[in-house]
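Containing compact mmCIF, C-alpha atoms: final_37.txt.
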```
# COMPACT_ATOMS: atom_id res chain seq x y z
CA MET T 1 75.94 84.85 46.15
CA ILE T 2 76.95 88.32 47.34
CA LEU T 3 75.63 89.88 50.56
CA ASN T 4 76.29 93.60 51.06
CA ASN T 5 76.09 95.82 54.13
CA LEU T 6 76.69 93.25 56.87
CA LYS T 7 78.00 94.27 60.27
CA THR T 8 80.48 92.20 62.28
CA ILE T 9 80.48 91.86 66.06
CA GLU T 10 83.29 94.47 66.12
CA GLY T 11 81.07 96.94 64.24
CA LYS T 12 82.88 96.71 60.89
CA VAL T 13 80.66 96.87 57.77
CA ILE T 14 81.57 94.25 55.16
CA SER T 15 80.28 92.51 52.05
CA ILE T 16 80.66 88.75 51.62
CA GLU T 17 80.85 86.86 48.36
CA VAL T 18 80.34 83.10 48.58
CA GLU T 19 82.24 80.93 46.13
CA GLY T 20 81.72 77.24 46.66
CA SER T 21 82.22 76.59 50.38
CA THR T 22 84.48 79.63 50.92
CA GLN T 23 83.72 83.27 51.73
CA HIS T 24 85.53 86.27 50.30
CA LEU T 25 85.31 89.95 51.17
CA THR T 26 84.24 91.92 48.12
CA ASN T 27 83.30 95.33 46.75
CA GLU T 28 80.84 93.88 44.24
CA LYS T 29 77.13 94.65 44.43
CA GLY T 30 74.71 92.07 45.79
CA ASP T 31 71.78 91.75 48.18
CA ASP T 32 71.56 94.58 50.71
CA MET T 33 71.41 93.10 54.22
CA GLU T 34 70.66 96.51 55.72
CA GLY T 35 73.40 96.49 58.34
CA ARG T 36 72.40 93.21 59.96
CA LEU T 37 74.78 91.35 62.26
CA VAL T 38 76.81 88.53 60.70
CA LEU T 39 78.51 85.87 62.83
CA PRO T 40 80.22 82.61 62.07
CA ALA T 41 77.73 79.75 62.48
CA PHE T 42 76.90 79.13 66.12
CA VAL T 43 78.74 76.36 67.96
CA ASP T 44 76.46 74.50 70.38
CA SER T 45 78.93 72.69 72.60
CA HIS T 46 76.56 70.63 74.74
CA ALA T 47 73.58 68.71 73.39
CA HIS T 48 71.84 65.39 74.06
CA MET T 49 70.28 64.55 70.74
CA ASP T 50 69.24 61.09 71.92
CA SER T 51 67.18 62.80 74.66
CA ASN T 52 65.65 65.75 72.78
CA PHE T 53 61.91 65.92 72.05
CA LEU T 54 61.11 62.89 74.21
CA LEU T 55 57.85 64.55 75.18
CA ASP T 56 56.70 63.89 71.61
CA VAL T 57 56.49 60.18 72.45
CA CYS T 58 56.42 59.89 76.27
CA LYS T 59 54.30 61.55 78.94
CA GLU T 60 55.75 64.32 81.04
CA VAL T 61 56.20 63.30 84.67
CA GLU T 62 53.80 65.15 86.97
CA SER T 63 56.18 65.24 89.93
CA GLU T 64 58.44 68.26 90.39
CA LYS T 65 61.18 66.10 91.90
CA PHE T 66 64.34 66.02 89.80
CA THR T 67 65.08 62.35 90.55
CA GLU T 68 61.65 61.25 89.35
CA ALA T 69 61.92 63.33 86.18
CA LEU T 70 65.32 61.80 85.46
CA ARG T 71 63.99 58.30 86.08
CA ALA T 72 61.15 58.94 83.62
CA LEU T 73 63.59 60.27 81.02
CA ILE T 74 65.84 57.18 81.24
CA GLU T 75 62.83 54.86 81.09
CA CYS T 76 61.51 56.68 78.02
CA LYS T 77 64.87 56.46 76.24
CA GLU T 78 65.21 52.76 76.93
CA ASN T 79 61.78 52.03 75.42
CA LEU T 80 62.34 53.84 72.12
CA SER T 81 62.71 51.90 68.90
CA GLU T 82 65.73 52.61 66.73
CA SER T 83 63.52 54.39 64.20
CA GLN T 84 62.11 56.63 66.96
CA ILE T 85 65.62 57.48 68.16
CA TYR T 86 66.59 58.38 64.61
CA ASP T 87 63.46 60.47 63.92
CA LEU T 88 63.72 62.51 67.13
CA ALA T 89 67.43 63.19 66.59
CA LYS T 90 66.68 64.23 63.01
CA LYS T 91 64.15 66.72 64.37
CA SER T 92 66.96 68.10 66.54
CA ILE T 93 69.19 68.68 63.52
CA LYS T 94 66.49 70.71 61.83
CA ALA T 95 65.92 72.75 64.99
CA TYR T 96 69.62 73.54 65.37
CA ALA T 97 70.05 74.47 61.70
CA GLU T 98 67.03 76.77 61.74
CA HIS T 99 68.55 78.72 64.63
CA GLY T 100 72.05 78.96 63.18
CA SER T 101 73.86 76.21 65.13
CA LEU T 102 75.81 74.29 62.49
CA PHE T 103 78.48 72.86 64.79
CA VAL T 104 76.94 70.70 67.52
CA ARG T 105 78.59 68.45 70.10
CA SER T 106 76.13 65.81 71.30
CA HIS T 107 76.58 63.44 74.22
CA VAL T 108 75.03 60.04 73.42
CA MET T 109 74.26 57.69 76.31
CA ILE T 110 76.19 54.41 75.91
CA ASP T 111 75.13 52.70 79.11
CA GLY T 112 71.73 51.04 79.31
CA VAL T 113 70.05 48.56 76.98
CA LYS T 114 69.58 50.59 73.77
CA TRP T 115 73.12 51.97 73.53
CA LYS T 116 73.83 50.40 70.12
CA GLU T 117 70.60 51.75 68.67
CA ARG T 118 71.44 55.24 69.92
CA ALA T 119 74.99 55.07 68.57
CA ARG T 120 73.92 53.79 65.15
CA SER T 121 71.18 56.40 64.77
CA LEU T 122 73.43 59.35 65.57
CA LEU T 123 76.26 58.06 63.37
CA LYS T 124 73.79 57.65 60.51
CA LEU T 125 72.60 61.24 60.90
CA LYS T 126 76.15 62.53 61.19
CA GLU T 127 76.89 61.04 57.77
CA GLU T 128 73.59 62.07 56.16
CA TYR T 129 73.89 65.72 57.20
CA LYS T 130 77.64 66.23 56.97
CA GLY T 131 77.19 68.79 54.17
CA VAL T 132 74.93 70.87 56.42
CA MET T 133 75.99 70.25 60.01
CA ASN T 134 79.23 69.29 61.69
CA LEU T 135 78.02 66.83 64.31
CA GLN T 136 80.53 65.80 66.97
CA LEU T 137 79.55 62.74 69.02
CA ILE T 138 80.66 61.98 72.58
CA GLY T 139 80.04 58.50 74.01
CA PHE T 140 78.41 59.47 77.31
CA ILE T 141 78.49 57.12 80.28
CA GLN T 142 75.46 58.30 82.25
CA SER T 143 76.98 56.57 85.29
CA TYR T 144 73.86 55.11 86.83
CA ASP T 145 75.51 51.74 86.25
CA TYR T 146 78.80 50.76 87.85
CA PHE T 147 81.83 51.61 85.74
CA ASP T 148 83.21 48.15 85.00
CA GLU T 149 85.11 46.43 82.19
CA GLU T 150 81.96 46.24 80.09
CA MET T 151 81.72 50.04 80.15
CA VAL T 152 85.39 50.31 79.23
CA ASP T 153 84.74 48.04 76.25
CA ARG T 154 81.75 50.14 75.18
CA ALA T 155 83.82 53.33 75.30
CA VAL T 156 86.37 51.73 73.00
CA LYS T 157 83.64 50.31 70.76
CA VAL T 158 81.89 53.62 70.06
CA ILE T 159 85.21 55.22 69.12
CA GLU T 160 85.80 52.37 66.69
CA MET T 161 82.29 52.94 65.31
CA GLY T 162 83.16 56.57 64.55
CA PHE T 163 82.49 58.64 67.68
CA ASP T 164 84.66 61.71 68.25
CA GLY T 165 85.12 61.33 71.99
CA ILE T 166 84.01 59.84 75.29
CA GLY T 167 83.02 61.07 78.73
CA GLY T 168 81.06 60.33 81.86
CA GLN T 169 79.86 61.52 85.25
CA PRO T 170 82.47 60.39 87.80
CA HIS T 171 80.65 62.07 90.70
CA LEU T 172 77.78 59.56 90.32
CA GLN T 173 79.94 56.51 90.96
CA PRO T 174 79.54 54.89 94.40
CA SER T 175 82.84 56.16 95.81
CA VAL T 176 85.52 58.77 95.23
CA ASP T 177 87.96 56.01 94.28
CA ASP T 178 85.51 54.65 91.69
CA GLY T 179 85.10 58.13 90.20
CA LYS T 180 88.86 58.61 89.97
CA ARG T 181 89.25 55.19 88.36
CA MET T 182 86.65 56.13 85.75
CA ILE T 183 88.51 59.35 84.92
CA LYS T 184 91.88 57.65 84.54
CA SER T 185 90.43 54.78 82.48
CA LEU T 186 88.75 57.21 80.06
CA PHE T 187 91.97 59.21 79.82
CA ASP T 188 93.85 56.01 78.97
CA ILE T 189 91.40 55.28 76.16
CA GLY T 190 91.05 58.85 74.95
CA THR T 191 94.74 59.65 74.77
CA GLU T 192 95.53 56.35 73.06
CA LYS T 193 92.84 56.95 70.43
CA GLY T 194 93.47 60.71 70.16
CA VAL T 195 89.81 61.64 70.73
CA HIS T 196 88.02 64.30 72.75
CA LEU T 197 87.31 63.83 76.46
CA ASP T 198 84.25 65.66 77.77
CA PHE T 199 83.17 64.96 81.35
CA HIS T 200 79.96 66.01 83.08
CA ALA T 201 82.21 67.38 85.78
CA ASP T 202 81.02 67.97 89.35
CA TYR T 203 77.46 68.45 88.12
CA ALA T 204 76.32 68.84 91.71
CA ASP T 205 75.55 71.41 94.37
CA GLU T 206 78.01 69.85 96.84
CA PRO T 207 81.14 71.91 97.57
CA ASP T 208 82.98 68.65 98.34
CA SER T 209 82.51 67.28 94.80
CA LYS T 210 85.99 67.87 93.37
CA PHE T 211 86.56 65.44 90.51
CA SER T 212 87.43 68.37 88.24
CA GLU T 213 90.79 68.69 89.97
CA VAL T 214 91.54 65.07 89.03
CA ILE T 215 90.59 65.74 85.39
CA VAL T 216 92.74 68.88 85.31
CA SER T 217 95.64 66.98 86.90
CA GLU T 218 95.42 64.19 84.31
CA SER T 219 95.28 66.79 81.51
CA LEU T 220 98.44 68.42 82.84
CA ARG T 221 100.29 65.19 83.52
CA ARG T 222 99.58 63.82 80.04
CA ASN T 223 99.78 67.22 78.31
CA TYR T 224 96.47 66.42 76.65
CA LYS T 225 94.53 69.37 75.26
CA LYS T 226 91.27 67.79 74.02
CA VAL T 227 89.56 67.96 77.41
CA ALA T 228 86.33 69.66 78.52
CA LEU T 229 84.52 70.06 81.81
CA SER T 230 80.79 70.29 81.18
CA HIS T 231 78.52 72.09 83.66
CA LEU T 232 80.97 72.32 86.60
CA THR T 233 78.13 73.57 88.78
CA ALA T 234 80.03 72.78 91.99
CA LEU T 235 82.35 75.69 91.14
CA HIS T 236 79.43 77.87 92.23
CA SER T 237 79.69 76.35 95.73
CA TYR T 238 83.47 76.17 96.27
CA TYR T 239 85.23 78.48 98.69
CA ASP T 240 86.82 81.35 96.84
CA ASP T 241 90.46 80.48 97.52
CA TYR T 242 90.08 76.90 96.28
CA ALA T 243 88.03 78.00 93.26
CA ARG T 244 90.68 80.45 92.17
CA ARG T 245 93.46 77.85 92.46
CA LEU T 246 91.39 75.45 90.38
CA MET T 247 90.69 78.08 87.71
CA ARG T 248 94.37 78.92 87.48
CA TRP T 249 95.21 75.26 86.82
CA MET T 250 92.35 74.89 84.36
CA ALA T 251 93.86 77.68 82.29
CA GLU T 252 97.32 76.11 82.61
CA ALA T 253 95.99 72.72 81.45
CA GLY T 254 94.10 74.22 78.51
CA VAL T 255 90.81 72.56 79.41
CA SER T 256 87.56 74.12 78.22
CA VAL T 257 84.47 74.61 80.40
CA VAL T 258 81.05 74.15 78.81
CA VAL T 259 78.23 76.10 80.44
CA SER T 260 74.57 75.26 79.73
CA PRO T 261 72.70 77.85 81.82
CA ILE T 262 69.11 76.82 80.99
CA THR T 263 69.27 73.30 82.40
CA VAL T 264 71.68 74.30 85.15
CA LEU T 265 69.19 76.84 86.51
CA GLU T 266 66.42 74.27 86.20
CA GLU T 267 68.30 71.54 88.04
CA SER T 268 70.62 73.21 90.56
CA GLY T 269 69.14 73.41 94.04
CA ALA T 270 66.70 70.62 93.15
CA HIS T 271 67.57 68.67 96.29
CA GLU T 272 67.57 71.67 98.65
CA ASN T 273 65.03 73.69 100.55
CA TYR T 274 65.41 77.45 100.65
CA PRO T 275 67.77 79.23 100.39
CA LYS T 276 68.69 77.50 97.12
CA ARG T 277 71.91 77.46 95.12
CA ARG T 278 71.73 78.54 91.48
CA GLY T 279 74.79 76.77 90.24
CA ILE T 280 76.00 78.41 87.04
CA ALA T 281 79.77 78.02 87.01
CA ARG T 282 81.67 81.25 87.69
CA VAL T 283 81.90 82.39 84.08
CA ARG T 284 83.19 85.91 84.65
CA ASP T 285 85.92 84.65 86.97
CA MET T 286 86.94 81.88 84.55
CA LEU T 287 87.19 84.38 81.70
CA SER T 288 89.42 86.57 83.88
CA PHE T 289 91.72 83.54 84.29
CA ASN T 290 91.72 83.02 80.48
CA VAL T 291 89.85 79.73 80.69
CA ASN T 292 88.16 78.84 77.39
CA VAL T 293 84.48 79.03 78.36
CA VAL T 294 81.90 77.91 75.81
CA LEU T 295 78.12 77.79 75.60
CA GLY T 296 75.64 74.94 75.17
CA HIS T 297 71.87 74.61 75.04
CA ASP T 298 71.59 71.09 76.54
CA ASP T 299 68.22 69.27 76.63
CA ILE T 300 65.26 70.25 74.49
CA GLN T 301 61.64 69.39 75.35
CA ASN T 302 62.17 66.36 77.55
CA HIS T 303 61.42 65.43 81.16
CA LEU T 304 64.33 67.49 82.55
CA ASN T 305 63.71 70.50 80.35
CA PRO T 306 60.25 70.75 78.76
CA LEU T 307 61.28 74.13 77.29
CA GLY T 308 63.57 75.12 74.43
CA VAL T 309 63.65 74.99 70.65
CA GLY T 310 67.40 74.60 70.09
CA ASN T 311 68.09 78.34 69.89
CA LEU T 312 71.53 79.07 71.37
CA MET T 313 70.50 82.72 71.76
CA HIS T 314 68.14 81.55 74.52
CA SER T 315 71.16 80.15 76.36
CA ALA T 316 73.00 83.42 75.83
CA PHE T 317 70.11 85.43 77.26
CA THR T 318 69.82 83.08 80.25
CA LEU T 319 73.55 83.33 80.91
CA ALA T 320 73.43 87.12 80.79
CA ILE T 321 70.85 87.16 83.58
CA GLY T 322 72.02 84.18 85.62
CA GLU T 323 75.71 85.17 85.72
CA TYR T 324 75.23 88.96 85.94
CA MET T 325 76.61 89.44 82.44
CA TYR T 326 73.87 91.75 81.17
CA PHE T 327 76.18 94.78 81.16
CA PRO T 328 77.41 95.92 77.72
CA LYS T 329 81.05 95.06 78.47
CA TYR T 330 80.17 91.34 78.61
CA VAL T 331 78.12 91.10 75.40
CA LYS T 332 81.05 90.41 73.10
CA SER T 333 82.31 87.71 75.50
CA ILE T 334 78.94 85.95 75.37
CA PHE T 335 78.98 85.92 71.57
CA GLN T 336 82.58 84.65 71.67
CA MET T 337 81.43 81.75 73.86
CA MET T 338 78.88 80.64 71.27
CA THR T 339 81.25 81.07 68.31
CA TYR T 340 85.05 81.28 68.45
CA ASN T 341 85.51 79.71 71.89
CA GLY T 342 83.34 76.80 70.83
CA ALA T 343 85.40 76.42 67.67
CA ILE T 344 88.53 76.06 69.82
CA LEU T 345 86.84 73.35 71.88
CA GLN T 346 85.66 71.36 68.87
CA GLY T 347 88.81 71.89 66.82
CA ILE T 348 86.95 73.52 63.91
CA SER T 349 89.32 74.58 61.15
CA ASN T 350 89.12 77.74 59.01
CA TYR T 351 86.30 79.11 61.15
CA GLY T 352 85.23 82.73 61.30
CA ILE T 353 84.17 85.76 59.31
CA GLY T 354 86.79 86.99 56.84
CA GLU T 355 88.68 86.41 53.65
CA GLY T 356 89.07 82.73 52.80
CA LYS T 357 87.08 81.45 55.79
CA ARG T 358 84.58 78.63 55.37
CA ALA T 359 81.21 79.91 54.21
CA SER T 360 79.19 78.82 57.24
CA PHE T 361 77.63 81.81 58.94
CA VAL T 362 74.43 83.22 60.42
CA VAL T 363 72.81 86.61 59.86
CA LEU T 364 70.70 87.92 62.74
CA ASP T 365 67.86 90.36 62.24
CA SER T 366 69.62 93.05 64.24
CA GLY T 367 72.54 95.35 63.63
CA ASP T 368 73.68 95.69 67.22
CA PRO T 369 75.04 92.92 69.51
CA MET T 370 73.36 94.27 72.66
CA GLU T 371 70.05 94.61 70.84
CA ALA T 372 70.41 91.10 69.46
CA LEU T 373 70.92 89.72 72.96
CA ARG T 374 68.22 91.88 74.53
CA GLU T 375 65.57 90.92 71.97
CA ILE T 376 66.85 87.39 71.25
CA SER T 377 66.80 88.53 67.65
CA PRO T 378 65.49 86.03 65.11
CA VAL T 379 67.69 84.53 62.44
CA LYS T 380 67.47 86.19 59.04
CA MET T 381 69.66 83.70 57.13
CA VAL T 382 71.78 80.63 57.76
CA VAL T 383 74.48 79.61 55.26
CA SER T 384 76.22 76.25 55.57
CA GLU T 385 79.28 75.46 53.45
CA GLY T 386 78.16 78.05 50.90
CA LYS T 387 74.49 76.99 50.70
CA VAL T 388 71.52 78.82 52.20
CA VAL T 389 69.84 76.33 54.55
CA TYR T 390 67.40 78.73 56.23
CA GLU T 391 65.97 82.12 55.36
CA ASN T 392 63.34 84.27 57.04
CA GLU T 393 62.04 86.73 54.49
CA ASN T 394 59.60 88.52 56.79
CA ALA T 395 61.75 89.12 59.88
CA ARG T 396 61.00 92.37 61.73
CA ARG T 397 58.27 93.54 59.39
CA LEU T 398 55.13 94.61 61.23
CA TYR T 399 51.95 94.69 59.16
CA ILE T 400 49.42 96.69 61.23
```
Just give me the structure of the file as C-alpha cells.
Amino acid sequence: MILNNLKTIEGKVISIEVEGSTQHLTNEKGDDMEGRLVLPAFVDSHAHMDSNFLLDVCKEVESEKFTEALRALIECKENLSESQIYDLAKKSIKAYAEHGSLFVRSHVMIDGVKWKERARSLLKLKEEYKGVMNLQLIGFIQSYDYFDEEMVDRAVKVIEMGFDGIGGQPHLQPSVDDGKRMIKSLFDIGTEKGVHLDFHADYADEPDSKFSEVIVSESLRRNYKKVALSHLTALHSYYDDYARRLMRWMAEAGVSVVVSPITVLEESGAHENYPKRRGIARVRDMLSFNVNVVLGHDDIQNHLNPLGVGNLMHSAFTLAIGEYMYFPKYVKSIFQMMTYNGAILQGISNYGIGEGKRASFVVLDSGDPMEALREISPVKMVVSEGKVVYENENARRLYI
C-alpha cells in the first residue's frame, strides 16, 4: 500500500509505503490523499472500558447529583454478567479503532464483587485484539472500600494475571494517613514488579487535597519513571506559589499528567453552589515546566458521562476551550498530547511518522491542524500494524 500527498503536523508533504507492519517514505506512485493530515495513531491515555456504554444495559439516573450518578454506575457494574462486561468492552474497542485511537490505557476496577470478571474480560480482549489495538490495563482501586491487605493482594493478583499496572484514588480513603499508606503500598508493589503506576490523583475541588506531592516524592526517592497522575483537578485550586513548586518537582520526577477534559468539566464543581470551579489541571503551565501532559477521553455513555463516542478529537476540542488553548500557537501541543506525549507515558516503541516507524497511523479529512481541531475533522483512514482497519470513502463530499 502506497499513500501519496499526505501532510504531517509540521506541514511537510510525504508519501508513505506500508510493508508488513512498517512504514517507509517513498517516491513511488500510489493513492492520492489530497494533502490530508497524517498522524501516528492516537494514544488515549485514560479510559474505563469496564464502565463504557453502561447506559445500553442500565437506566440513566434522573438525579443531577454527582454522588447519586456514581452510586448508580457502581451498582450497574456490579450487576453485570461476565458476558455483558466483555460485550460492552468489545464495543469500546470498535469505537476507539474507528476514531483512530489504537493505543488505549484502561483503568479496570478491582475492588467490588465482580473484579475477577472484569479482569478476565479485559485480558481476553487484550489478547484477541492485540494485532489491532495496544491495550494497556491498569488495576484500578476505586477506593470506596478501605485499602486493606485484601486490596494489596488483589493488586498483586491482577499483575500476575497480566495487567500492565496498578493505581487508586488515595484522596477517597478515610484519612490522610490511609491515603499515604495506599500510595506507598502501591509503589512497593509496582516497583518490585516493574509495572506502571497511574493514580487518580487529587481528583477533587479541594485546595487541601495534596496527595500528588506524596506520589511525586515517592517517584523521586525511588527514581521510578513509570508514574502518572490522572486528572489532578486540585491543581486548578492550589495557590500559585505552591502549584509552581509542585510542577517543578513533577518535571524533575518525570511523572506524566493525564488530562481528561470532558469528564473533568462535567464533574468539577459538582458539590458547590455558584461560583463554581472548572477544574481542568493547569495544562499550559505544566507544559511550560516541561511536564509530560497527555490526553484521555475517559468515560463513554455511562451515568457519569452520557455523552461521547470514543473520539479523542472531542477531548482535544474540549481542552482547547476549557484551558484557553484555542489560539494557533497551542494547536501543535494539543496534537502532541494525544500522540507523542502519550507514547512516552505508555512506553510505546518505534512510534511516529517516518522512515522505519511502525505502520499504525490515522489520516484525518483535513490538511490543516487548526482546521482539524476547529471542525473536529472526521477520520479518513486508520491503519494498524500495516492493515487498514477503518476507511471513510465519502468524507467531506457534499451531494446537494
Q | Among listed residues T:Glu10, T:Asp299, T:Glu213, T:Asp31, nearest Ser333 in chain T (using all atoms listed in the file) | A |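 Comparing T:Glu10, T:Asp299, T:Glu213, T:Asp31 against Ser333 in chain T, the winner is T:Glu10.
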Q. Hey, which of T:Tyr129, T:Glu371, T:Arg277, T:Gly254 ends up closest to Pro328 in chain T? Count only C-alpha atoms.
A. T:Glu371
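Minimum atom-to-atom distance to Lys193 in chain T, evaluated using all atoms listed in the file, belongs to T:Val156 out of T:Val156, T:Val18, T:Leu220, T:Leu312.
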Contact table range 132-205 of chain T vs range 90-108 of chain T, cut-off 6 Å, shortest pair per residue, only C-alpha atoms, as a Markdown table:
```
| residue | atom | partner | partner_atom | distance |
| --- | --- | --- | --- | --- |
| T:Met133 | CA | T:Leu102 | CA | 4.7 |
| T:Asn134 | CA | T:Phe103 | CA | 4.8 |
| T:Leu135 | CA | T:Val104 | CA | 5.1 |
| T:Gln136 | CA | T:Arg105 | CA | 4.5 |
| T:Leu137 | CA | T:Ser106 | CA | 5.1 |
| T:Ile138 | CA | T:His107 | CA | 4.6 |
| T:Gly139 | CA | T:Val108 | CA | 5.3 |
| T:Phe140 | CA | T:Val108 | CA | 5.2 |
```
Q.
Would you pick out the contacts of range 240-247 of chain T at 10 Å or less, using only C-alpha atoms, so that residues sharing its chain but fewer than 4 positions from it are not included, and give the list as a PyMOL selection string?
A. chain T and resi 210+212-213+216+234-236+251-253+255+282+285-291
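Comparing T:Leu25, T:Asn223, T:Lys7, T:Ser268 by their smallest distance to Gly354 in chain T, the closest is T:Leu25 (using only C-alpha atoms).
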**Q.** Answer as a ChimeraX atom specification, residues within 8 Å of (66.9, 82.1, 60.4) using all atoms listed in the file
**A.** /T:98-100,362-364,378-382,390-392
What's around Ala316 in chain T at 8 Å? Count all atoms listed in the file, leave out sequence neighbours fewer than 5 positions away in its own chain, and write the answer as a PDB file with C-alpha atoms, keeping the file's coordinate frame.
```
ATOM      1  CA  LEU T 295      78.120  77.790  75.600  1.00  0.00           C
ATOM      2  CA  ILE T 334      78.940  85.950  75.370  1.00  0.00           C
ATOM      3  CA  PHE T 335      78.980  85.920  71.570  1.00  0.00           C
ATOM      4  CA  MET T 338      78.880  80.640  71.270  1.00  0.00           C
ATOM      5  CA  LEU T 373      70.920  89.720  72.960  1.00  0.00           C
TER       6      LEU T 373
END
```
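Reported to one decimal place, the separation of CA of Ala343 in chain T from CA of Ile300 in chain T is 22.1 Å.
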Q: For Ile16 in chain T, list every protein, DNA or RNA residue within 6 Å, evaluated using all atoms listed in the file, and leave out those in the same chain fewer than 4 positions away; present the list as a PyMOL selection string.
A: chain T and resi 2-3+24-26
Q) To one decimal place, how far is CA of Ile189 in chain T from CA of Ala155 in chain T in Å? A)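 Separation between CA of Ile189 in chain T and CA of Ala155 in chain T: 7.9 Å.
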Set out as a tab-separated table a contact list for range 97-116 of chain T and range 144-148 of chain T with a cut-off of 12 Å, giving each residue of range 97-116 of chain T that qualifies its closest atom pair and distance in Å to one decimal, counting all atoms listed in the file, ordered by chain and rising residue number.
```
residue	atom	partner	partner_atom	distance
T:Met109	CA	T:Tyr144	CA	10.8
T:Ile110	CA	T:Asp145	CA	10.7
T:Asp111	CA	T:Asp145	CA	7.2
T:Gly112	CA	T:Asp145	CA	7.9
T:Val113	CA	T:Asp145	CA	11.2
```
Q: Please measure the separation of CA of Val258 in chain T and CA of Lys332 in chain T, giving the value in Å to one decimal.
A: 17.2 Å
Q. Which one of T:Val388, T:Met337, T:Ile141, T:Val158 sits closest to Val283 in chain T if you count only C-alpha atoms?
A.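 Using only C-alpha atoms, Val283 in chain T sits closest to T:Met337.
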Q | Shell of 12 Å around Ile215 in chain T, all atoms listed in the file, local chain residues under 5 positions omitted, as a VMD selection string | A | chain T and resid 167 to 171 179 to 187 197 to 202 210 220 to 230 232 246 249 to 250 253 to 257
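Candidate residues T:Leu125, T:Ile348, T:Met325, T:Leu73 were compared for distance to Asp87 in chain T, and the nearest is T:Leu125, using all atoms listed in the file.
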Please list as a PDB file with C-alpha atoms, in the frame of the given file every residue within 10 Å of Val264 in chain T, counting only C-alpha atoms and excluding residues in the same chain fewer than 5 positions away.
```pdb
ATOM      1  CA  TYR T 203      77.460  68.450  88.120  1.00  0.00           C
ATOM      2  CA  ALA T 204      76.320  68.840  91.710  1.00  0.00           C
ATOM      3  CA  HIS T 231      78.520  72.090  83.660  1.00  0.00           C
ATOM      4  CA  LEU T 232      80.970  72.320  86.600  1.00  0.00           C
ATOM      5  CA  THR T 233      78.130  73.570  88.780  1.00  0.00           C
ATOM      6  CA  VAL T 259      78.230  76.100  80.440  1.00  0.00           C
ATOM      7  CA  GLY T 269      69.140  73.410  94.040  1.00  0.00           C
ATOM      8  CA  ARG T 278      71.730  78.540  91.480  1.00  0.00           C
ATOM      9  CA  GLY T 279      74.790  76.770  90.240  1.00  0.00           C
ATOM     10  CA  ILE T 280      76.000  78.410  87.040  1.00  0.00           C
ATOM     11  CA  ALA T 281      79.770  78.020  87.010  1.00  0.00           C
ATOM     12  CA  ASP T 298      71.590  71.090  76.540  1.00  0.00           C
ATOM     13  CA  GLY T 322      72.020  84.180  85.620  1.00  0.00           C
TER      14      GLY T 322
END
```
Box time for range 53-60 of chain T: axis-aligned, enclosing all its listed atoms, 3 Å extra on each side; report centre and edge lengths in Å to one decimal, as AutoDock Vina command-line options.
```
--center_x 58.1 --center_y 62.9 --center_z 76.3 --size_x 13.6 --size_y 12.0 --size_z 15.4
```
